[in-house]
file final-v4.cif (mmCIF, C-alpha atoms and all ligand atoms)
data_data
#
loop_
_atom_site.label_atom_id
_atom_site.label_comp_id
_atom_site.auth_asym_id
_atom_site.auth_seq_id
_atom_site.Cartn_x
_atom_site.Cartn_y
_atom_site.Cartn_z
CA MET Y 1 -98.81 -97.48 11.25
CA THR Y 2 -100.69 -95.06 13.52
CA THR Y 3 -100.30 -95.20 17.29
CA THR Y 4 -103.51 -94.78 19.16
CA THR Y 5 -103.46 -93.66 22.77
CA LYS Y 6 -104.14 -96.56 25.10
CA SER Y 7 -104.99 -96.28 28.73
CA MET Y 8 -103.88 -98.90 31.15
CA LEU Y 9 -104.44 -99.49 34.84
CA VAL Y 10 -101.87 -101.63 36.64
CA ILE Y 11 -103.07 -103.12 39.94
CA ALA Y 12 -100.40 -104.87 42.02
CA PRO Y 13 -100.00 -105.45 45.77
CA GLU Y 14 -96.26 -105.06 45.38
CA ALA Y 15 -95.45 -101.45 44.55
CA SER Y 16 -92.23 -102.64 42.87
CA VAL Y 17 -94.26 -104.52 40.23
CA SER Y 18 -96.56 -101.65 39.30
CA GLU Y 19 -93.68 -99.18 39.38
CA ALA Y 20 -91.52 -101.37 37.14
CA ILE Y 21 -94.32 -101.69 34.60
CA GLY Y 22 -95.23 -98.01 34.82
CA LYS Y 23 -91.58 -97.07 34.31
CA SER Y 24 -91.04 -99.40 31.39
CA LEU Y 25 -93.99 -97.82 29.60
CA SER Y 26 -93.35 -94.20 30.54
CA GLY Y 27 -91.37 -93.61 27.34
CA ASP Y 28 -94.28 -94.72 25.17
CA LYS Y 29 -96.38 -91.67 24.30
CA GLY Y 30 -99.12 -93.93 22.96
CA VAL Y 31 -99.88 -95.41 26.38
CA ARG Y 32 -101.20 -93.70 29.52
CA VAL Y 33 -100.50 -95.81 32.61
CA ASP Y 34 -101.99 -95.43 36.07
CA THR Y 35 -101.01 -97.65 38.97
CA GLN Y 36 -102.74 -98.87 42.14
CA THR Y 37 -100.92 -100.63 44.97
CA SER Y 38 -103.52 -103.21 45.96
CA THR Y 39 -104.80 -106.68 45.18
CA LEU Y 40 -107.74 -106.90 42.80
CA ALA Y 41 -110.00 -108.12 45.63
CA GLY Y 42 -108.70 -105.27 47.81
CA MET Y 43 -109.96 -102.72 45.27
CA ASN Y 44 -113.49 -103.39 46.59
CA GLY Y 45 -115.44 -102.58 43.48
CA ARG Y 46 -113.23 -99.70 42.36
CA ALA Y 47 -111.83 -101.96 39.64
CA VAL Y 48 -115.36 -102.34 38.21
CA LYS Y 49 -115.64 -98.55 37.97
CA ALA Y 50 -112.27 -98.45 36.21
CA LEU Y 51 -113.71 -100.60 33.39
CA ALA Y 52 -115.21 -97.49 31.88
CA ASP Y 53 -111.92 -95.59 31.90
CA TYR Y 54 -109.26 -98.00 30.68
CA ASP Y 55 -108.52 -100.05 27.56
CA VAL Y 56 -106.48 -102.58 29.54
CA ILE Y 57 -106.52 -103.56 33.21
CA LEU Y 58 -103.39 -105.47 34.22
CA PHE Y 59 -103.48 -107.02 37.68
CA GLN Y 60 -101.07 -109.13 39.67
CA THR Y 61 -102.97 -112.06 41.08
CA SER Y 62 -102.80 -115.57 42.51
CA PRO Y 63 -104.97 -118.25 40.86
CA ASP Y 64 -105.29 -120.14 44.18
CA ASP Y 65 -106.92 -117.23 45.97
CA GLN Y 66 -110.74 -117.60 45.88
CA ALA Y 67 -111.29 -113.92 46.75
CA GLU Y 68 -109.19 -112.96 43.71
CA LEU Y 69 -111.09 -115.35 41.41
CA SER Y 70 -114.38 -113.95 42.58
CA ALA Y 71 -113.11 -110.36 42.06
CA ILE Y 72 -112.14 -111.37 38.50
CA ARG Y 73 -115.60 -112.85 37.85
CA ASP Y 74 -117.17 -109.66 39.17
CA LEU Y 75 -115.04 -107.62 36.79
CA VAL Y 76 -115.95 -109.88 33.87
CA ALA Y 77 -119.66 -109.73 34.73
CA HIS Y 78 -119.61 -105.92 34.60
CA ARG Y 79 -117.56 -105.61 31.45
CA ARG Y 80 -119.54 -103.82 28.77
CA SER Y 81 -116.82 -102.24 26.67
CA GLY Y 82 -113.86 -103.94 25.06
CA THR Y 83 -111.62 -103.49 28.10
CA LYS Y 84 -109.00 -106.20 28.10
CA LEU Y 85 -108.28 -108.02 31.35
CA VAL Y 86 -104.73 -109.24 31.78
CA ALA Y 87 -103.54 -111.21 34.82
CA LEU Y 88 -99.91 -111.14 35.95
CA ALA Y 89 -99.18 -114.38 37.75
CA ASP Y 90 -96.17 -116.14 39.15
CA GLY Y 91 -93.89 -117.45 36.40
CA ASN Y 92 -94.16 -120.98 37.79
CA ILE Y 93 -97.94 -121.06 37.39
CA SER Y 94 -99.17 -124.45 36.14
CA LEU Y 95 -101.30 -124.79 33.02
CA THR Y 96 -104.23 -125.83 35.23
CA GLN Y 97 -103.92 -122.64 37.29
CA ALA Y 98 -103.60 -120.57 34.11
CA ARG Y 99 -106.76 -122.21 32.86
CA ALA Y 100 -108.57 -121.35 36.12
CA LEU Y 101 -107.81 -117.68 35.41
CA SER Y 102 -108.88 -118.05 31.82
CA ASN Y 103 -112.13 -119.75 32.88
CA ALA Y 104 -112.82 -116.89 35.26
CA GLY Y 105 -112.79 -114.66 32.16
CA VAL Y 106 -109.26 -113.24 31.98
CA ASP Y 107 -108.15 -112.56 28.39
CA GLU Y 108 -104.48 -113.17 28.94
CA VAL Y 109 -102.13 -114.38 31.63
CA LEU Y 110 -98.60 -112.98 31.64
CA PRO Y 111 -95.94 -114.63 33.77
CA LEU Y 112 -94.07 -112.72 36.49
CA PRO Y 113 -91.34 -111.60 36.92
CA THR Y 114 -91.88 -109.87 33.64
CA ALA Y 115 -88.77 -108.17 32.38
CA ALA Y 116 -89.36 -104.56 31.32
CA GLY Y 117 -88.71 -105.39 27.67
CA ASP Y 118 -91.26 -108.19 27.85
CA VAL Y 119 -93.95 -105.86 29.16
CA ASP Y 120 -93.26 -103.44 26.33
CA ARG Y 121 -93.67 -106.21 23.84
CA GLN Y 122 -96.81 -107.56 25.46
CA VAL Y 123 -98.38 -104.14 25.76
CA ALA Y 124 -97.58 -103.36 22.14
CA ARG Y 125 -99.34 -106.62 21.27
CA LEU Y 126 -102.36 -105.80 23.45
CA GLY Y 127 -102.46 -102.38 21.79
CA ARG Y 128 -102.53 -103.96 18.36
CA GLN Y 129 -105.34 -106.25 19.43
CA GLN Y 130 -107.33 -103.35 20.87
CA ALA Y 131 -106.76 -101.15 17.83
CA GLY Y 132 -108.61 -101.34 14.56
CA GLY Y 133 -112.11 -100.82 16.05
CA GLY Y 134 -114.04 -100.81 12.79
CA THR Y 135 -112.07 -103.56 11.11
CA ARG Y 136 -112.85 -107.24 11.02
CA ALA Y 137 -110.22 -108.28 13.59
CA GLY Y 138 -110.09 -111.81 12.22
CA ARG Y 139 -109.11 -114.79 14.31
CA ILE Y 140 -105.67 -116.28 13.66
CA ILE Y 141 -105.46 -120.05 14.06
CA ALA Y 142 -101.95 -121.50 13.74
CA VAL Y 143 -101.53 -125.18 12.95
CA ALA Y 144 -98.36 -126.93 14.17
CA GLN Y 145 -97.15 -130.50 13.91
CA ALA Y 146 -95.66 -132.80 16.52
CA ARG Y 147 -93.69 -134.62 13.81
CA GLY Y 148 -93.14 -134.33 10.06
CA GLY Y 149 -95.87 -135.91 7.97
CA VAL Y 150 -98.39 -136.26 10.80
CA GLY Y 151 -101.08 -134.38 8.86
CA SER Y 152 -100.87 -130.69 9.83
CA THR Y 153 -101.32 -129.41 6.29
CA THR Y 154 -104.31 -131.73 5.81
CA VAL Y 155 -105.82 -130.19 8.96
CA ALA Y 156 -104.97 -126.60 7.99
CA VAL Y 157 -106.38 -126.88 4.45
CA ASN Y 158 -109.57 -128.70 5.39
CA LEU Y 159 -110.24 -126.55 8.45
CA ALA Y 160 -109.90 -123.43 6.27
CA ASP Y 161 -112.12 -124.95 3.58
CA GLN Y 162 -114.81 -126.01 6.07
CA LEU Y 163 -114.84 -122.65 7.82
CA ALA Y 164 -115.12 -120.87 4.46
CA ALA Y 165 -118.00 -123.21 3.50
CA GLY Y 166 -119.83 -122.11 6.65
CA ALA Y 167 -119.44 -125.16 8.90
CA GLY Y 168 -121.47 -124.59 12.04
CA LEU Y 169 -123.50 -121.74 10.50
CA ARG Y 170 -127.19 -121.69 9.59
CA ARG Y 171 -127.93 -121.64 5.89
CA ARG Y 172 -128.92 -117.97 5.88
CA GLU Y 173 -125.95 -116.76 7.90
CA ALA Y 174 -123.23 -114.95 5.95
CA ARG Y 175 -120.17 -117.07 5.16
CA PRO Y 176 -116.97 -115.86 6.83
CA LYS Y 177 -114.01 -114.65 4.78
CA VAL Y 178 -111.18 -117.09 5.28
CA ALA Y 179 -107.48 -116.91 4.33
CA ILE Y 180 -104.82 -119.59 4.56
CA VAL Y 181 -101.11 -118.81 4.66
CA ASP Y 182 -98.40 -121.41 4.06
CA PHE Y 183 -95.49 -120.31 6.23
CA ASP Y 184 -93.83 -123.69 5.71
CA LEU Y 185 -91.53 -121.67 3.43
CA GLN Y 186 -89.34 -124.51 2.18
CA PHE Y 187 -91.59 -127.56 2.26
CA GLY Y 188 -95.06 -126.02 1.99
CA THR Y 189 -97.64 -128.11 0.13
CA ILE Y 190 -100.86 -126.11 0.42
CA GLY Y 191 -100.58 -125.10 -3.27
CA SER Y 192 -100.64 -128.73 -4.36
CA PHE Y 193 -103.34 -129.70 -1.83
CA LEU Y 194 -105.55 -127.16 -3.63
CA ASP Y 195 -104.15 -127.73 -7.12
CA LEU Y 196 -103.10 -124.10 -7.53
CA GLY Y 197 -100.55 -122.83 -10.03
CA GLU Y 198 -97.16 -121.66 -8.86
CA GLN Y 199 -97.36 -118.67 -6.58
CA ASP Y 200 -94.12 -116.97 -5.67
CA THR Y 201 -95.37 -114.07 -3.58
CA LEU Y 202 -93.54 -115.20 -0.44
CA LEU Y 203 -90.35 -115.75 -2.46
CA GLN Y 204 -90.64 -112.26 -3.94
CA LEU Y 205 -91.08 -110.80 -0.45
CA ALA Y 206 -88.14 -112.82 0.83
CA LEU Y 207 -85.92 -111.61 -2.02
CA ASP Y 208 -86.79 -107.93 -2.16
CA GLY Y 209 -87.57 -107.40 1.52
CA THR Y 210 -90.70 -105.26 0.97
CA VAL Y 211 -93.37 -105.10 3.65
CA PRO Y 212 -96.67 -106.05 1.99
CA ASP Y 213 -99.87 -104.02 2.31
CA ALA Y 214 -103.54 -104.92 1.74
CA ASN Y 215 -103.38 -104.06 -1.97
CA PHE Y 216 -100.35 -106.21 -2.58
CA LEU Y 217 -101.86 -109.18 -0.74
CA GLU Y 218 -105.21 -108.87 -2.46
CA GLN Y 219 -103.53 -108.91 -5.84
CA SER Y 220 -101.17 -111.74 -5.08
CA MET Y 221 -103.39 -114.17 -3.19
CA VAL Y 222 -105.26 -116.79 -5.17
CA VAL Y 223 -108.92 -117.51 -4.49
CA ALA Y 224 -109.75 -121.24 -4.25
CA GLU Y 225 -112.94 -123.25 -3.54
CA ASN Y 226 -115.50 -121.61 -1.26
CA GLY Y 227 -113.81 -118.22 -1.70
CA LEU Y 228 -110.78 -119.26 0.34
CA SER Y 229 -107.85 -116.82 -0.17
CA VAL Y 230 -104.53 -118.64 -0.38
CA LEU Y 231 -100.98 -117.40 0.14
CA ALA Y 232 -98.95 -120.45 -0.86
CA ALA Y 233 -95.31 -121.27 -0.17
CA PRO Y 234 -92.83 -120.58 -2.99
CA SER Y 235 -92.28 -123.25 -5.60
CA LYS Y 236 -88.56 -122.44 -5.61
CA PHE Y 237 -86.13 -122.73 -2.74
CA ALA Y 238 -86.04 -119.79 -0.35
CA PRO Y 239 -83.56 -119.66 2.56
CA LEU Y 240 -85.47 -120.08 5.79
CA ASP Y 241 -84.14 -116.88 7.31
CA SER Y 242 -84.88 -114.76 4.26
CA LEU Y 243 -88.27 -113.61 5.57
CA ARG Y 244 -88.22 -110.86 8.18
CA SER Y 245 -90.43 -110.67 11.27
CA GLU Y 246 -91.73 -107.31 10.10
CA GLN Y 247 -92.99 -108.84 6.85
CA VAL Y 248 -94.67 -111.75 8.61
CA ALA Y 249 -96.27 -109.34 11.08
CA ALA Y 250 -97.56 -107.15 8.23
CA ILE Y 251 -99.09 -110.14 6.41
CA LEU Y 252 -101.01 -111.22 9.51
CA ASP Y 253 -102.03 -107.70 10.58
CA THR Y 254 -103.31 -106.97 7.09
CA LEU Y 255 -105.19 -110.24 6.69
CA ARG Y 256 -106.73 -109.79 10.10
CA GLU Y 257 -108.32 -106.59 8.88
CA THR Y 258 -109.77 -108.16 5.75
CA HIS Y 259 -110.69 -111.70 6.83
CA ASP Y 260 -112.64 -113.39 9.63
CA TYR Y 261 -110.31 -116.37 9.97
CA ILE Y 262 -106.66 -116.67 9.05
CA ILE Y 263 -105.33 -120.23 9.14
CA VAL Y 264 -101.54 -120.49 9.29
CA ASP Y 265 -99.56 -123.62 8.42
CA LEU Y 266 -96.42 -123.26 10.54
CA PRO Y 267 -92.91 -124.18 9.42
CA ARG Y 268 -91.27 -127.22 10.99
CA ALA Y 269 -88.33 -125.15 12.28
CA LEU Y 270 -88.91 -122.54 14.96
CA VAL Y 271 -87.23 -119.69 13.04
CA GLY Y 272 -86.95 -116.13 14.36
CA TRP Y 273 -89.89 -114.83 12.30
CA ILE Y 274 -92.23 -117.29 13.99
CA GLU Y 275 -92.38 -114.87 16.93
CA PRO Y 276 -94.84 -112.44 15.29
CA ILE Y 277 -97.08 -115.43 14.54
CA VAL Y 278 -96.94 -116.66 18.14
CA GLU Y 279 -97.66 -113.13 19.40
CA ARG Y 280 -100.67 -112.72 17.17
CA ALA Y 281 -102.25 -116.18 17.11
CA ASP Y 282 -105.54 -116.48 18.96
CA GLU Y 283 -105.38 -120.23 18.95
CA PHE Y 284 -102.95 -123.06 18.22
CA LEU Y 285 -103.87 -126.48 16.97
CA VAL Y 286 -101.11 -129.03 17.44
CA VAL Y 287 -101.53 -132.07 15.23
CA THR Y 288 -100.01 -135.21 16.67
CA ASP Y 289 -100.23 -138.95 16.90
CA ILE Y 290 -100.25 -140.78 20.18
CA SER Y 291 -96.65 -142.07 20.07
CA VAL Y 292 -94.35 -141.13 22.94
CA PRO Y 293 -91.87 -139.03 20.86
CA SER Y 294 -94.75 -137.05 19.27
CA ILE Y 295 -96.38 -136.38 22.63
CA ARG Y 296 -93.04 -135.21 24.05
CA HIS Y 297 -92.53 -132.87 21.12
CA CYS Y 298 -96.09 -131.64 21.52
CA ARG Y 299 -95.34 -130.75 25.11
CA ARG Y 300 -92.23 -128.77 24.07
CA LEU Y 301 -94.26 -126.90 21.46
CA ILE Y 302 -96.98 -126.05 23.96
CA GLU Y 303 -94.37 -124.73 26.38
CA PHE Y 304 -92.89 -122.60 23.61
CA PHE Y 305 -96.25 -121.19 22.48
CA THR Y 306 -97.46 -120.45 25.99
CA GLN Y 307 -94.28 -119.06 27.52
CA ASP Y 308 -95.45 -115.46 27.18
CA ASN Y 309 -99.15 -116.23 27.65
CA PRO Y 310 -99.88 -119.36 29.69
CA ALA Y 311 -103.65 -119.05 29.08
CA LEU Y 312 -103.30 -119.09 25.29
CA SER Y 313 -105.70 -121.53 23.67
CA VAL Y 314 -103.77 -124.60 22.48
CA GLU Y 315 -105.84 -127.58 21.36
CA ILE Y 316 -104.62 -131.04 20.50
CA VAL Y 317 -105.67 -132.79 17.30
CA VAL Y 318 -104.89 -136.50 17.36
CA ASN Y 319 -104.60 -137.64 13.75
CA HIS Y 320 -104.82 -141.16 12.37
CA GLN Y 321 -107.02 -142.33 15.20
CA ARG Y 322 -110.77 -142.46 15.77
CA ARG Y 323 -112.00 -140.99 19.06
CA PRO Y 324 -111.80 -143.98 21.41
CA LEU Y 325 -114.84 -145.11 23.38
CA PHE Y 326 -112.62 -145.83 26.36
CA ARG Y 327 -109.34 -144.05 26.95
CA SER Y 328 -106.41 -146.43 27.23
CA ARG Y 329 -103.58 -145.92 29.72
CA LEU Y 330 -101.53 -144.41 26.87
CA HIS Y 331 -104.26 -141.83 26.17
CA ARG Y 332 -104.53 -140.89 29.82
CA GLU Y 333 -100.76 -140.57 30.13
CA ALA Y 334 -100.58 -138.40 27.00
CA ALA Y 335 -103.28 -136.10 28.37
CA LYS Y 336 -101.37 -135.91 31.64
CA VAL Y 337 -98.04 -135.06 29.98
CA LEU Y 338 -99.76 -132.34 27.95
CA ASP Y 339 -101.81 -131.15 30.93
CA ARG Y 340 -104.86 -130.87 28.72
CA LYS Y 341 -107.59 -132.93 27.10
CA LEU Y 342 -107.03 -134.63 23.78
CA ASP Y 343 -109.65 -132.44 22.18
CA HIS Y 344 -110.04 -133.63 18.60
CA TRP Y 345 -109.61 -136.98 16.88
CA LEU Y 346 -109.31 -137.62 13.15
CA PRO Y 347 -109.58 -141.23 11.94
CA HIS Y 348 -106.95 -142.90 9.81
CA ASP Y 349 -108.62 -142.82 6.41
CA PRO Y 350 -105.97 -143.29 3.69
CA ARG Y 351 -108.52 -143.71 0.91
CA SER Y 352 -110.16 -140.31 1.40
CA ALA Y 353 -106.84 -138.60 2.17
CA ALA Y 354 -105.34 -140.00 -1.04
CA ALA Y 355 -108.42 -139.09 -3.11
CA ALA Y 356 -108.16 -135.50 -1.88
CA SER Y 357 -104.44 -135.17 -2.55
CA ASP Y 358 -104.61 -136.94 -5.95
CA ARG Y 359 -107.29 -134.54 -7.14
CA GLY Y 360 -105.91 -131.45 -5.41
CA LYS Y 361 -109.28 -130.80 -3.74
CA PRO Y 362 -110.44 -130.43 -0.16
CA LEU Y 363 -112.21 -133.38 1.46
CA SER Y 364 -115.52 -131.48 1.28
CA ARG Y 365 -115.36 -131.92 -2.51
CA VAL Y 366 -114.05 -135.46 -2.89
CA ALA Y 367 -115.21 -137.33 0.20
CA PRO Y 368 -117.57 -135.21 2.33
CA ARG Y 369 -119.34 -138.22 3.87
CA SER Y 370 -116.16 -140.19 4.56
CA ALA Y 371 -114.99 -140.72 8.14
CA LEU Y 372 -112.20 -138.16 7.68
CA GLY Y 373 -114.45 -135.69 5.84
CA LYS Y 374 -117.03 -135.77 8.64
CA ALA Y 375 -114.35 -135.46 11.34
CA MET Y 376 -113.00 -132.33 9.58
CA THR Y 377 -116.49 -130.78 9.52
CA GLN Y 378 -116.76 -131.52 13.23
CA LEU Y 379 -113.34 -129.95 13.89
CA ALA Y 380 -114.38 -126.77 12.05
CA ARG Y 381 -117.71 -126.64 13.92
CA SER Y 382 -116.08 -126.91 17.29
CA THR Y 383 -113.42 -124.33 16.32
CA ARG Y 384 -116.25 -121.99 15.36
CA SER Y 385 -118.28 -122.57 18.49
CA GLY Y 386 -115.20 -122.24 20.72
CA HIS Y 387 -114.55 -118.90 19.08
CA SER Y 388 -118.15 -117.73 19.44
CA ALA Y 389 -118.06 -118.64 23.14
CA THR Y 390 -114.88 -116.60 23.68
CA ALA Y 391 -116.22 -113.66 21.69
CA HIS Y 392 -119.46 -113.77 23.65
CA ARG Y 393 -117.60 -113.95 26.93
CA SER Y 394 -115.46 -110.92 26.17
CA ARG Y 395 -118.43 -108.89 24.95
CA SER Y 396 -120.76 -109.63 27.84
N1 LIG P 401 -106.18 -139.04 8.86
C1 LIG P 401 -105.44 -139.44 7.84
N2 LIG P 401 -105.57 -140.68 7.34
C2 LIG P 401 -104.80 -141.09 6.30
N3 LIG P 401 -103.89 -140.34 5.68
C3 LIG P 401 -103.71 -139.07 6.13
C4 LIG P 401 -104.47 -138.57 7.23
N4 LIG P 401 -104.07 -137.29 7.44
C5 LIG P 401 -103.11 -137.02 6.54
N5 LIG P 401 -102.89 -138.09 5.74
C6 LIG P 401 -101.91 -138.18 4.66
O1 LIG P 401 -100.62 -138.12 5.23
C7 LIG P 401 -99.72 -137.46 4.34
C8 LIG P 401 -99.06 -136.30 5.07
O2 LIG P 401 -100.06 -135.33 5.39
P1 LIG P 401 -99.72 -133.78 5.50
O3 LIG P 401 -98.98 -133.32 4.30
O4 LIG P 401 -100.99 -133.09 5.85
O5 LIG P 401 -98.76 -133.83 6.75
P2 LIG P 401 -97.83 -132.66 7.30
O6 LIG P 401 -97.75 -132.86 8.77
O7 LIG P 401 -98.26 -131.35 6.79
O8 LIG P 401 -96.44 -133.07 6.61
P3 LIG P 401 -95.12 -132.19 6.34
O9 LIG P 401 -94.21 -132.52 7.49
O10 LIG P 401 -94.62 -132.66 5.04
O11 LIG P 401 -95.53 -130.74 6.33
C9 LIG P 401 -100.55 -136.99 3.15
O12 LIG P 401 -100.39 -137.92 2.12
C10 LIG P 401 -101.98 -137.03 3.67
O13 LIG P 401 -102.92 -137.29 2.63
MG MG P 402 -97.22 -129.78 5.86
#

call {"tool": "encode", "arguments": {"input": "final-v4.cif", "output": "structure tokens", "more": "lines below"}}
Ligand SMILES: Nc1ncnc2c1ncn2[C@@H]1O[C@H](COP(=O)(O)OP(=O)(O)OP(=O)(O)O)[C@@H](O)[C@H]1O
Ligand SMILES: [Mg+2]
result
Amino acid sequence: MTTTTKSMLVIAPEASVSEAIGKSLSGDKGVRVDTQTSTLAGMNGRAVKALADYDVILFQTSPDDQAELSAIRDLVAHRRSGTKLVALADGNISLTQARALSNAGVDEVLPLPTAAGDVDRQVARLGRQQAGGGTRAGRIIAVAQARGGVGSTTVAVNLADQLAAGAGLRRREARPKVAIVDFDLQFGTIGSFLDLGEQDTLLQLALDGTVPDANFLEQSMVVAENGLSVLAAPSKFAPLDSLRSEQVAAILDTLRETHDYIIVDLPRALVGWIEPIVERADEFLVVTDISVPSIRHCRRLIEFFTQDNPALSVEIVVNHQRRPLFRSRLHREAAKVLDRKLDHWLPHDPRSAAAASDRGKPLSRVAPRSALGKAMTQLARSTRSGHSATAHRSRS
């Protein structure tokens, strides 16, 4: 992998913060770091000028300070290039405060105090995201479940299928290239959801330890309906820890260069190699029901996903329930525990779900007009439009 030179400006009112970050990166020849001891607001427009000179601007800030929020908006309004804006905020920042920063236009929020090793890791990740100018830089959407059997694979498969079919696009617009990866190594069912033959690519990788490249993936992935590329879980048993983080990272980095969307079905267990997925994912969908244990587990998952990036997009998909006209006390309490809206609702529709799994086809083929089929189209549309809004925001 080539290391491109990145330039980074660290703005912090506490010299100790900028110095610590500068020092932790000084050994990395691929990154040039300059520091400024100031608040963002205190830079008085000099930060806007810096937009032209740096790939990443990291600034220590407080989400409750209106002057800081307005300085961030000013920076965002003047952003023309791909300069990434990263806020460093107090580690105890609430999700609501993190969202205020995100709404102001910040790309990422990293919690302070950030240990030196953490900054290295985060910067390496930012570097990866900034690199690859001419490539597709696809969007990685990871699907997690609040309990076994709640419907995460149903969501992952049908979201991928709907995106590949062009949900939310005009008829003449080019269809995106979509890949789906079943990282539920031991219990994965994507292969049977799409009636595909046995595919033991992940098992082969787990056994021989090779790091896959684009050629290998292209040859080993199967193409299903709507041109969807599928990397299925092995049909034979593979020990959960037999995959290495490096391999998982390579799969995602490679697919991101060749596809517009990469949908990942996550394993139930939070194994070590989940870290490269969490680092790379642009968005998490957590599929849940409204029961108290599921909502509690959902909360733990959200905390895990957002621990290094509190502003990461995590959306809740409530399965087996139609969107209610009026929210009950239970719904309001769930939203409160999760500190976010219950964004998406998928009705309980056993007939359509069974028809799809019996025939090994996506809902778009067997029951497109069913309640569940229509809700899946809606989910894909809003995923698309959420993405377009973010992309637009970071370009403008
Ligand atoms: N909205 C729904 N209405 C009715 N049945 C559904 C719905 N969503 C999923 N199902 C059914 O529930 C079962 C479990 O779904 P699925 O395999 O997607 O869950 P999962 O969370 O991936 O489970 P696992 O823990 O095994 O990975 C399947 O038979 C599926 O067809
Ligand atoms: Mg599953």

call {"tool": "residues_around", "arguments": {"input": "final-v4.cif", "residues": "Phe237 in chain Y", "least_positions_apart": "6", "cutoff": "10 Å", "atoms": "all atoms listed in the file", "output": "list of chain:residue names"}}
result
Y:Leu185, Y:Gln186, Y:Phe187, Y:Leu203

call {"tool": "residues_near_ligand", "arguments": {"input": "final-v4.cif", "ligand": "ligand MG 402 (chain P)", "cutoff": "8 Å", "atoms": "all atoms listed in the file", "output": "NGL selection string"}}
result
:Y and (148-149 or 151-154 or 184 or 187-190 or 265 or 267)

call {"tool": "residues_near_point", "arguments": {"input": "final-v4.cif", "point": "(-102.2, -116.4, 33.0)", "cutoff": "8 Å", "atoms": "only C-alpha atoms", "output": "compact mmCIF listing (two decimals) with C-alpha atoms, in the frame of the given file"}}
result
# COMPACT_ATOMS: atom_id res chain seq x y z
CA VAL Y 86 -104.73 -109.24 31.78
CA ALA Y 87 -103.54 -111.21 34.82
CA LEU Y 88 -99.91 -111.14 35.95
CA ALA Y 89 -99.18 -114.38 37.75
CA ILE Y 93 -97.94 -121.06 37.39
CA GLN Y 97 -103.92 -122.64 37.29
CA ALA Y 98 -103.60 -120.57 34.11
CA ARG Y 99 -106.76 -122.21 32.86
CA LEU Y 101 -107.81 -117.68 35.41
CA SER Y 102 -108.88 -118.05 31.82
CA VAL Y 106 -109.26 -113.24 31.98
CA GLU Y 108 -104.48 -113.17 28.94
CA VAL Y 109 -102.13 -114.38 31.63
CA LEU Y 110 -98.60 -112.98 31.64
CA PRO Y 111 -95.94 -114.63 33.77
CA ASN Y 309 -99.15 -116.23 27.65
CA PRO Y 310 -99.88 -119.36 29.69
CA ALA Y 311 -103.65 -119.05 29.08

call {"tool": "atom_distance", "arguments": {"input": "final-v4.cif", "atom1": "CA of Thr39 in chain Y", "atom2": "CA of Gln60 in chain Y"}}
result
7.1 Å

call {"tool": "residues_around", "arguments": {"input": "final-v4.cif", "residues": "Glu283 in chain Y", "least_positions_apart": "2", "cutoff": "8 Å", "atoms": "all atoms listed in the file", "output": "list in words"}}
result
Ile140, Ile141, Ala142, Ala281, Leu285, Leu312, Ser313, Val314 and Glu315 of chain Y

call {"tool": "write_last_selection", "arguments": {"input": "final-v4.cif", "atoms": "C-alpha atoms", "output": "PDB file, in the frame of the given file"}}
result
ATOM      1  CA  ILE Y 140    -105.670-116.280  13.660  1.00  0.00           C
ATOM      2  CA  ILE Y 141    -105.460-120.050  14.060  1.00  0.00           C
ATOM      3  CA  ALA Y 142    -101.950-121.500  13.740  1.00  0.00           C
ATOM      4  CA  ALA Y 281    -102.250-116.180  17.110  1.00  0.00           C
ATOM      5  CA  LEU Y 285    -103.870-126.480  16.970  1.00  0.00           C
ATOM      6  CA  LEU Y 312    -103.300-119.090  25.290  1.00  0.00           C
ATOM      7  CA  SER Y 313    -105.700-121.530  23.670  1.00  0.00           C
ATOM      8  CA  VAL Y 314    -103.770-124.600  22.480  1.00  0.00           C
ATOM      9  CA  GLU Y 315    -105.840-127.580  21.360  1.00  0.00           C
TER      10      GLU Y 315
END

call {"tool": "atom_distance", "arguments": {"input": "final-v4.cif", "atom1": "CA of Ile263 in chain Y", "atom2": "CA of Val248 in chain Y"}}
result
13.6 Å

call {"tool": "residues_near_point", "arguments": {"input": "final-v4.cif", "point": "(-85.7, -120.0, 2.1)", "cutoff": "12 Å", "atoms": "only C-alpha atoms", "output": "PyMOL selection string"}}
result
chain Y and resi 183-188+200+202-207+233-244+267+269+271

call {"tool": "atom_distance", "arguments": {"input": "final-v4.cif", "atom1": "CA of Lys49 in chain Y", "atom2": "CA of Ala104 in chain Y"}}
result
18.8 Å

call {"tool": "closest_residue", "arguments": {"input": "final-v4.cif", "among": "Y:Ala174, Y:Val278, Y:Leu95, Y:Val292", "to": "Arg340 in chain Y", "atoms": "only C-alpha atoms"}}
result
Y:Leu95

call {"tool": "closest_residue", "arguments": {"input": "final-v4.cif", "among": "Y:Leu379, Y:Asn158, Y:Pro347, Y:Glu225", "to": "Leu363 in chain Y", "atoms": "only C-alpha atoms"}}
result
Y:Asn158

call {"tool": "closest_residue", "arguments": {"input": "final-v4.cif", "among": "Y:Ser62, Y:Asp282, Y:Phe193, Y:Ala179", "to": "Ala356 in chain Y", "atoms": "all atoms listed in the file"}}
result
Y:Phe193

call {"tool": "closest_residue", "arguments": {"input": "final-v4.cif", "among": "Y:Arg300, Y:His78, Y:Arg147, Y:Arg32", "to": "ligand LIG 401 (chain P)", "atoms": "only C-alpha atoms and all ligand atoms"}}
result
Y:Arg147

call {"tool": "closest_residue", "arguments": {"input": "final-v4.cif", "among": "Y:Ala232, Y:Val211, Y:Leu330, Y:Ala353", "to": "ligand LIG 401 (chain P)", "atoms": "all atoms listed in the file"}}
result
Y:Ala353
